[in-house]
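Dumped work_12.cif below, it's mmCIF, C-alpha atoms:
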```cif
data_upload
loop_
_atom_site.label_atom_id
_atom_site.label_comp_id
_atom_site.auth_asym_id
_atom_site.auth_seq_id
_atom_site.Cartn_x
_atom_site.Cartn_y
_atom_site.Cartn_z
CA MET A 1 41.97 -16.08 3.42
CA LYS A 2 45.42 -15.75 1.89
CA PRO A 3 45.34 -13.76 -1.36
CA SER A 4 47.20 -15.05 -4.41
CA ILE A 5 50.04 -12.96 -5.86
CA GLN A 6 47.56 -11.61 -8.42
CA GLU A 7 45.00 -10.67 -5.79
CA ALA A 8 47.64 -9.07 -3.56
CA SER A 9 48.78 -6.94 -6.46
CA ILE A 10 45.21 -5.84 -7.23
CA LEU A 11 44.49 -5.05 -3.57
CA ALA A 12 47.68 -3.00 -3.34
CA SER A 13 46.82 -1.14 -6.51
CA MET A 14 43.28 -0.39 -5.33
CA GLY A 15 44.45 0.60 -1.83
CA GLY A 16 47.10 2.91 -3.29
CA ALA A 17 44.57 4.52 -5.61
CA LEU A 18 41.99 4.99 -2.83
CA LEU A 19 44.50 6.43 -0.35
CA GLY A 20 45.96 8.69 -3.04
CA LEU A 21 42.50 9.86 -4.03
CA ALA A 22 41.54 10.54 -0.42
CA GLY A 23 44.68 12.66 0.06
CA TYR A 24 43.97 14.45 -3.21
CA GLY A 25 40.40 15.20 -2.12
CA VAL A 26 41.56 16.60 1.23
CA TYR A 27 44.22 18.73 -0.49
CA LEU A 28 41.79 20.11 -3.09
CA ALA A 29 39.25 20.88 -0.36
CA SER A 30 41.92 22.80 1.59
CA LEU A 31 42.86 24.71 -1.57
CA TYR A 32 39.20 25.53 -2.17
CA LYS A 33 38.79 26.81 1.40
CA ALA A 34 41.89 28.94 1.08
CA ASP A 35 40.59 30.24 -2.27
CA GLN A 36 43.69 28.88 -4.01
CA LEU A 37 42.01 26.42 -6.33
CA ASP A 38 43.85 27.67 -9.38
CA VAL A 39 45.46 25.89 -12.31
CA PRO A 40 49.10 25.70 -11.04
CA HIS A 41 48.02 24.33 -7.66
CA VAL A 42 45.68 21.77 -9.23
CA GLY A 43 48.33 20.74 -11.77
CA LEU A 44 50.95 20.20 -9.09
CA SER A 45 48.56 18.33 -6.81
CA THR A 46 47.49 16.03 -9.66
CA LEU A 47 51.12 15.19 -10.33
CA GLY A 48 51.44 14.54 -6.60
CA LEU A 49 48.37 12.31 -6.76
CA MET A 50 49.87 10.15 -9.50
CA LEU A 51 53.21 9.83 -7.67
CA ALA A 52 51.48 9.11 -4.36
CA CYS A 53 49.41 6.33 -5.99
CA VAL A 54 52.55 4.65 -7.36
CA VAL A 55 54.47 4.91 -4.06
CA LEU A 56 51.49 3.79 -1.96
CA ARG A 57 50.85 0.89 -4.32
CA HIS A 58 54.39 -0.43 -3.89
CA LEU A 59 54.32 0.07 -0.14
CA LEU A 60 51.00 -1.74 0.21
CA GLN A 61 52.18 -4.54 -2.07
CA TRP A 62 55.29 -4.99 0.04
CA LEU A 63 53.15 -4.97 3.20
CA LEU A 64 50.65 -7.52 1.83
CA HIS A 65 53.41 -9.79 0.61
CA ARG A 66 55.14 -9.62 3.98
CA CYS A 67 51.89 -10.24 5.91
CA PHE A 68 50.81 -13.22 3.80
CA GLY A 69 54.26 -14.63 3.09
CA ILE A 70 54.02 -14.16 -0.66
CA ARG A 71 57.27 -14.26 -2.58
CA GLN A 72 58.58 -11.55 -4.95
CA ALA A 73 57.89 -8.75 -2.46
CA TRP A 74 59.14 -5.84 -4.56
CA ILE A 75 58.37 -7.12 -8.02
CA PRO A 76 55.09 -5.75 -9.40
CA PHE A 77 52.82 -8.46 -10.71
CA THR A 78 52.66 -8.88 -14.46
CA PRO A 79 50.08 -11.16 -16.05
CA MET A 80 51.60 -14.63 -16.09
CA ASP A 81 49.41 -16.72 -18.32
CA GLU A 82 46.50 -16.48 -20.74
CA ARG A 83 43.85 -16.41 -18.01
CA ASP A 84 45.63 -13.58 -16.20
CA LYS A 85 45.83 -11.64 -19.45
CA LEU A 86 42.13 -12.18 -20.14
CA ILE A 87 41.20 -10.97 -16.67
CA GLU A 88 43.55 -8.00 -17.10
CA LEU A 89 41.72 -7.13 -20.32
CA LYS A 90 38.34 -7.20 -18.58
CA GLY A 91 39.75 -4.90 -15.91
CA MET A 92 41.08 -2.53 -18.55
CA GLN A 93 37.66 -2.42 -20.22
CA ALA A 94 36.09 -1.33 -16.93
CA SER A 95 38.87 1.19 -16.32
CA TYR A 96 38.51 2.78 -19.78
CA ALA A 97 34.74 2.97 -19.43
CA THR A 98 35.04 4.76 -16.06
CA SER A 99 37.69 7.17 -17.33
CA ALA A 100 35.64 7.90 -20.45
CA VAL A 101 32.56 8.70 -18.35
CA GLY A 102 34.67 11.03 -16.19
CA PHE A 103 36.15 12.70 -19.25
CA VAL A 104 32.75 13.29 -20.87
CA ALA A 105 31.33 14.54 -17.55
CA SER A 106 34.21 17.01 -17.23
CA LEU A 107 33.61 18.26 -20.79
CA LEU A 108 29.93 18.75 -19.96
CA LEU A 109 30.95 20.63 -16.80
CA LEU A 110 33.19 22.92 -18.82
CA TRP A 111 30.43 23.40 -21.36
CA SER A 112 28.05 24.41 -18.59
CA GLY A 113 30.51 27.13 -17.58
CA ALA A 114 32.19 25.45 -14.59
CA ASP A 115 35.75 26.31 -13.64
CA ALA A 116 38.50 24.57 -15.66
CA THR A 117 40.18 23.32 -12.47
CA LEU A 118 37.00 21.47 -11.52
CA GLY A 119 36.95 19.71 -14.88
CA PHE A 120 40.61 18.82 -14.55
CA GLY A 121 40.07 17.49 -11.05
CA LEU A 122 37.19 15.37 -12.30
CA ILE A 123 39.35 13.87 -15.04
CA ALA A 124 42.09 13.00 -12.53
CA THR A 125 39.51 11.54 -10.15
CA SER A 126 37.93 9.42 -12.88
CA LEU A 127 41.35 8.03 -13.84
CA VAL A 128 41.96 6.88 -10.27
CA ALA A 129 38.36 5.68 -9.91
CA GLY A 130 38.94 3.67 -13.10
CA GLU A 131 41.85 1.90 -11.39
CA VAL A 132 39.66 1.06 -8.39
CA ILE A 133 36.79 -0.24 -10.52
CA SER A 134 39.22 -2.21 -12.67
CA GLY A 135 40.56 -3.78 -9.47
CA LEU A 136 37.08 -4.72 -8.31
CA VAL A 137 36.31 -6.35 -11.66
CA ARG A 138 39.59 -8.31 -11.63
CA LEU A 139 39.13 -9.38 -8.02
CA TYR A 140 35.64 -10.62 -8.84
CA GLN A 141 37.00 -12.57 -11.81
CA TYR A 142 39.74 -14.18 -9.73
CA ARG A 143 37.43 -14.91 -6.78
CA SER A 144 34.76 -16.46 -9.00
CA GLU A 145 37.57 -18.69 -10.34
CA TYR A 146 37.00 -17.55 -13.88
CA MET B 1 18.17 -24.50 -26.61
CA ALA B 2 20.72 -26.82 -25.03
CA ARG B 3 23.80 -25.20 -23.52
CA PHE B 4 27.13 -26.85 -24.15
CA VAL B 5 30.21 -26.69 -21.96
CA LEU B 6 33.79 -27.84 -22.30
CA LYS B 7 34.24 -30.71 -19.87
CA ASN B 8 37.54 -32.33 -19.00
CA THR B 9 39.16 -35.29 -17.31
CA LEU B 10 42.05 -33.37 -15.79
CA ARG B 11 41.44 -34.71 -12.29
CA THR B 12 41.42 -38.31 -13.56
CA GLN B 13 44.52 -37.73 -15.67
CA ARG B 14 46.38 -36.27 -12.71
CA PHE B 15 45.38 -39.30 -10.65
CA LEU B 16 46.54 -41.68 -13.38
CA HIS B 17 49.89 -39.91 -13.50
CA GLY B 18 50.93 -40.62 -9.94
CA GLU B 19 48.62 -38.14 -8.23
CA MET B 20 50.29 -35.25 -10.00
CA THR B 21 49.57 -32.09 -8.03
CA GLN B 22 47.90 -29.06 -9.55
CA GLN B 23 51.10 -27.11 -8.87
CA ASP B 24 53.21 -29.71 -10.71
CA LEU B 25 50.90 -29.54 -13.70
CA ALA B 26 50.88 -25.73 -13.58
CA ASP B 27 54.70 -25.66 -13.51
CA ARG B 28 54.93 -28.00 -16.49
CA LEU B 29 52.44 -25.89 -18.44
CA GLY B 30 53.92 -22.55 -17.40
CA VAL B 31 50.65 -21.27 -15.95
CA SER B 32 49.51 -20.47 -12.42
CA ARG B 33 47.91 -23.05 -10.12
CA GLN B 34 44.75 -20.95 -10.11
CA THR B 35 44.49 -21.39 -13.87
CA VAL B 36 44.76 -25.18 -13.55
CA ILE B 37 42.03 -25.10 -10.87
CA ALA B 38 39.79 -22.97 -13.10
CA ILE B 39 40.27 -25.33 -16.06
CA GLU B 40 39.66 -28.41 -13.91
CA LYS B 41 36.40 -26.96 -12.62
CA SER B 42 35.37 -26.04 -16.20
CA LYS B 43 35.26 -22.38 -15.16
CA TYR B 44 37.79 -21.41 -17.78
CA SER B 45 38.23 -22.77 -21.29
CA PRO B 46 41.92 -22.90 -22.20
CA SER B 47 43.26 -21.74 -25.54
CA LEU B 48 43.82 -24.40 -28.18
CA GLU B 49 47.58 -24.17 -27.60
CA LEU B 50 47.26 -24.72 -23.86
CA ALA B 51 44.81 -27.57 -24.42
CA PHE B 52 47.35 -29.29 -26.69
CA GLN B 53 50.08 -28.72 -24.11
CA ILE B 54 47.91 -30.37 -21.44
CA ALA B 55 47.36 -33.37 -23.71
CA GLN B 56 51.09 -33.53 -24.37
CA VAL B 57 51.93 -33.54 -20.64
CA PHE B 58 49.67 -36.56 -20.11
CA GLY B 59 50.67 -38.22 -23.39
CA VAL B 60 47.10 -38.62 -24.60
CA SER B 61 44.99 -37.15 -27.38
CA LEU B 62 43.08 -33.93 -26.93
CA THR B 63 39.71 -35.70 -27.04
CA GLU B 64 40.70 -37.93 -24.14
CA ILE B 65 40.93 -34.87 -21.97
CA PHE B 66 38.40 -32.41 -23.36
CA SER B 67 34.88 -33.01 -24.57
CA TYR B 68 32.15 -30.64 -25.61
CA GLU B 69 29.01 -31.81 -23.86
CA GLU B 70 25.59 -30.60 -22.92
CA GLU B 71 25.56 -28.87 -19.53
CA ASP B 72 24.19 -30.91 -16.61
CA LYS B 73 20.74 -29.83 -15.54
#
```
In structure tokens, what does this structure look like?
Amino acid sequence: MKPSIQEASILASMGGALLGLAGYGVYLASLYKADQLDVPHVGLSTLGLMLACVVLRHLLQWLLHRCFGIRQAWIPFTPMDERDKLIELKGMQASYATSAVGFVASLLLLWSGADATLGFGLIATSLVAGEVISGLVRLYQYRSEY
Amino acid sequence: MARFVLKNTLRTQRFLHGEMTQQDLADRLGVSRQTVIAIEKSKYSPSLELAFQIAQVFGVSLTEIFSYEEEDK
């Protein structure tokens, strides 16, 4: 089933976030094994995660648009009308809720004496997870023809 | 308690206006085709401004297009 320009953008965003997060997880695990899970390494890798998500998102969007013959291949989707904006808002609600849960969980981790890098990693993960959950919510809204 | 929904005659109006396509209507309203589909199926209630724009496109009053009725059982 051919996705609309909105759905293609959401799929690209979710795919970029998931791939970025997977790479981040592998990198953090390798740092942990090498006993290098320190603040500078985690800081740099989180910056890498954010950049990777943006690059992957654009690449996936281009790929989806090419595969399904959707116009505006390189232009990121921006909400076009009032329904798009409403769905975007619902997605943002879900994203904020996920990020907030991750943030509180990381504070609790720090409180319980866990390493600061673990808390930081959890915050970064919850931000990306928020993007994925926001995408799922928006896709559901579009697919249910809200 | 009875549940009310916003019903519409968009499909009929499009038919009466030379089988206007959903895309044509969407272009004239400045919204996406998906939004027109959602409104037509009563899945999405448009803003008051968009509702007036729809009425303007068809040259009829708002109440000829939208009605607030009890949901079908």
query: Which of these residues is nearest to Val57 in chain B, using only C-alpha atoms: B:Asp72, B:Leu25, B:Leu16, B:Met1?
result: B:Leu25
Can you check which residues of chain B have any atom within 8 Å of chain A? Use all atoms listed in the file and format it as a short mmCIF file (atom, residue, chain, number, x, y, z; two decimals) with C-alpha atoms, keeping the file's coordinate frame.
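Writing done, so here's out-v9.cif:
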```
data_model
loop_
_atom_site.label_atom_id
_atom_site.label_comp_id
_atom_site.auth_asym_id
_atom_site.auth_seq_id
_atom_site.Cartn_x
_atom_site.Cartn_y
_atom_site.Cartn_z
CA GLY B 30 53.92 -22.55 -17.40
CA VAL B 31 50.65 -21.27 -15.95
CA SER B 32 49.51 -20.47 -12.42
CA GLN B 34 44.75 -20.95 -10.11
CA THR B 35 44.49 -21.39 -13.87
CA ILE B 37 42.03 -25.10 -10.87
CA ALA B 38 39.79 -22.97 -13.10
CA LYS B 43 35.26 -22.38 -15.16
CA TYR B 44 37.79 -21.41 -17.78
CA PRO B 46 41.92 -22.90 -22.20
CA SER B 47 43.26 -21.74 -25.54
#
```
query: Closest to Thr46 in chain A among A:Ser30, A:Ser134, A:Thr117, A:Ser112, using all atoms listed in the file?
result: A:Thr117
- prompt: Care to translate the PyMOL selection byres ((chain B and resi 10) around 12) into actual residues of this file, as a ChimeraX atom specification?
  reply: /B:6-9,11-17,19-22,25-26,36-42,51,54-55,57-58,60,62-67
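Counting from CA of Ser106 in chain A, the distance to CA of Leu136 in chain A is 23.7 Å.
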task: Find the residues with any atom within 10 Å of (42.7, 17.1, -15.2); use all atoms listed in the file and the coordinates as given in the file, and write the answer as a PyMOL selection string.
output: chain A and resi 39+42-43+46-47+103+106+116-127
message: What's the separation between CA of Ala105 in chain A and CA of Leu19 in chain A, in Å to one decimal place?
response: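 Separation between CA of Ala105 in chain A and CA of Leu19 in chain A: 23.1 Å.
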task: Return as a count of residues only the set of residues that the PyMOL selection byres ((chain A and resi 12) around 9) yields on the displayed structure.
output: 19
message: Just the number, please: distance in Å from CA of Arg138 in chain A to CA of Gly91 in chain A, one decimal.
response: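 So the two atoms, CA of Arg138 in chain A and CA of Gly91 in chain A, lie 5.5 Å apart.
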- prompt: Written as JSON, numbers by chain, what is the full residue list that the PyMOL selection byres ((chain A and resi 20) around 9) yields on the file shown?
  reply: {"A": [15, 16, 17, 18, 19, 21, 22, 23, 24, 25, 48, 49, 50, 51, 52, 53, 54, 56, 128]}
field: Protein and nucleic acid residues near (36.7, 3.5, -17.3) (cut-off 10 Å, only C-alpha atoms) as a list in words
entry: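 Residues satisfying the cut-off, written out: Gly91, Met92, Gln93, Ala94, Ser95, Tyr96, Ala97, Thr98, Ser99, Ala100, Val101, Gly102, Phe103, Ser126, Leu127, Val128, Ala129, Gly130, Glu131, Val132, Ile133 and Ser134 of chain A.
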Can you fill out range 4-28 of chain B with N, CA and C atoms and hand it back as a PDB file, in the coordinates of the input?
```pdb
ATOM      1  N   PHE B   4      25.991 -25.935 -24.158  1.00  0.00           N
ATOM      2  CA  PHE B   4      27.130 -26.850 -24.150  1.00  0.00           C
ATOM      3  C   PHE B   4      28.298 -26.261 -23.362  1.00  0.00           C
ATOM      4  N   VAL B   5      29.028 -27.138 -22.702  1.00  0.00           N
ATOM      5  CA  VAL B   5      30.210 -26.690 -21.960  1.00  0.00           C
ATOM      6  C   VAL B   5      31.401 -27.607 -22.289  1.00  0.00           C
ATOM      7  N   LEU B   6      32.585 -27.061 -22.069  1.00  0.00           N
ATOM      8  CA  LEU B   6      33.790 -27.840 -22.300  1.00  0.00           C
ATOM      9  C   LEU B   6      34.137 -28.601 -21.021  1.00  0.00           C
ATOM     10  N   LYS B   7      33.932 -29.910 -21.058  1.00  0.00           N
ATOM     11  CA  LYS B   7      34.240 -30.710 -19.870  1.00  0.00           C
ATOM     12  C   LYS B   7      35.632 -31.323 -20.027  1.00  0.00           C
ATOM     13  N   ASN B   8      36.192 -31.773 -18.900  1.00  0.00           N
ATOM     14  CA  ASN B   8      37.540 -32.330 -19.000  1.00  0.00           C
ATOM     15  C   ASN B   8      37.767 -33.438 -17.972  1.00  0.00           C
ATOM     16  N   THR B   9      38.816 -34.181 -18.215  1.00  0.00           N
ATOM     17  CA  THR B   9      39.160 -35.290 -17.310  1.00  0.00           C
ATOM     18  C   THR B   9      40.490 -35.025 -16.617  1.00  0.00           C
ATOM     19  N   LEU B  10      40.752 -33.743 -16.387  1.00  0.00           N
ATOM     20  CA  LEU B  10      42.050 -33.370 -15.790  1.00  0.00           C
ATOM     21  C   LEU B  10      42.304 -34.072 -14.457  1.00  0.00           C
ATOM     22  N   ARG B  11      41.274 -34.097 -13.610  1.00  0.00           N
ATOM     23  CA  ARG B  11      41.440 -34.710 -12.290  1.00  0.00           C
ATOM     24  C   ARG B  11      41.837 -36.185 -12.427  1.00  0.00           C
ATOM     25  N   THR B  12      41.139 -36.881 -13.327  1.00  0.00           N
ATOM     26  CA  THR B  12      41.420 -38.310 -13.560  1.00  0.00           C
ATOM     27  C   THR B  12      42.835 -38.477 -14.111  1.00  0.00           C
ATOM     28  N   GLN B  13      43.187 -37.636 -15.062  1.00  0.00           N
ATOM     29  CA  GLN B  13      44.520 -37.730 -15.670  1.00  0.00           C
ATOM     30  C   GLN B  13      45.617 -37.493 -14.630  1.00  0.00           C
ATOM     31  N   ARG B  14      45.377 -36.537 -13.762  1.00  0.00           N
ATOM     32  CA  ARG B  14      46.380 -36.270 -12.710  1.00  0.00           C
ATOM     33  C   ARG B  14      46.528 -37.482 -11.806  1.00  0.00           C
ATOM     34  N   PHE B  15      45.374 -38.104 -11.503  1.00  0.00           N
ATOM     35  CA  PHE B  15      45.380 -39.300 -10.650  1.00  0.00           C
ATOM     36  C   PHE B  15      46.147 -40.436 -11.329  1.00  0.00           C
ATOM     37  N   LEU B  16      45.888 -40.607 -12.631  1.00  0.00           N
ATOM     38  CA  LEU B  16      46.540 -41.680 -13.380  1.00  0.00           C
ATOM     39  C   LEU B  16      48.047 -41.445 -13.542  1.00  0.00           C
ATOM     40  N   HIS B  17      48.460 -40.229 -13.383  1.00  0.00           N
ATOM     41  CA  HIS B  17      49.890 -39.910 -13.500  1.00  0.00           C
ATOM     42  C   HIS B  17      50.504 -39.674 -12.132  1.00  0.00           C
ATOM     43  N   GLY B  18      50.310 -40.631 -11.271  1.00  0.00           N
ATOM     44  CA  GLY B  18      50.930 -40.620  -9.940  1.00  0.00           C
ATOM     45  C   GLY B  18      50.474 -39.496  -9.038  1.00  0.00           C
ATOM     46  N   GLU B  19      49.175 -39.220  -9.072  1.00  0.00           N
ATOM     47  CA  GLU B  19      48.620 -38.140  -8.230  1.00  0.00           C
ATOM     48  C   GLU B  19      49.407 -36.848  -8.432  1.00  0.00           C
ATOM     49  N   MET B  20      49.588 -36.504  -9.687  1.00  0.00           N
ATOM     50  CA  MET B  20      50.290 -35.250 -10.000  1.00  0.00           C
ATOM     51  C   MET B  20      49.536 -34.090  -9.356  1.00  0.00           C
ATOM     52  N   THR B  21      50.257 -33.210  -8.684  1.00  0.00           N
ATOM     53  CA  THR B  21      49.570 -32.090  -8.030  1.00  0.00           C
ATOM     54  C   THR B  21      49.227 -31.019  -9.057  1.00  0.00           C
ATOM     55  N   GLN B  22      48.286 -30.169  -8.659  1.00  0.00           N
ATOM     56  CA  GLN B  22      47.900 -29.060  -9.550  1.00  0.00           C
ATOM     57  C   GLN B  22      49.099 -28.145  -9.783  1.00  0.00           C
ATOM     58  N   GLN B  23      49.914 -27.976  -8.745  1.00  0.00           N
ATOM     59  CA  GLN B  23      51.100 -27.110  -8.870  1.00  0.00           C
ATOM     60  C   GLN B  23      52.103 -27.712  -9.848  1.00  0.00           C
ATOM     61  N   ASP B  24      52.289 -29.050  -9.775  1.00  0.00           N
ATOM     62  CA  ASP B  24      53.210 -29.710 -10.710  1.00  0.00           C
ATOM     63  C   ASP B  24      52.754 -29.502 -12.142  1.00  0.00           C
ATOM     64  N   LEU B  25      51.452 -29.697 -12.351  1.00  0.00           N
ATOM     65  CA  LEU B  25      50.900 -29.540 -13.700  1.00  0.00           C
ATOM     66  C   LEU B  25      51.068 -28.087 -14.158  1.00  0.00           C
ATOM     67  N   ALA B  26      50.765 -27.159 -13.252  1.00  0.00           N
ATOM     68  CA  ALA B  26      50.880 -25.730 -13.580  1.00  0.00           C
ATOM     69  C   ALA B  26      52.324 -25.392 -13.970  1.00  0.00           C
ATOM     70  N   ASP B  27      53.285 -25.928 -13.212  1.00  0.00           N
ATOM     71  CA  ASP B  27      54.700 -25.660 -13.510  1.00  0.00           C
ATOM     72  C   ASP B  27      55.081 -26.203 -14.880  1.00  0.00           C
ATOM     73  N   ARG B  28      54.578 -27.391 -15.194  1.00  0.00           N
ATOM     74  CA  ARG B  28      54.930 -28.000 -16.490  1.00  0.00           C
ATOM     75  C   ARG B  28      54.285 -27.269 -17.657  1.00  0.00           C
TER      76      ARG B  28
END
```
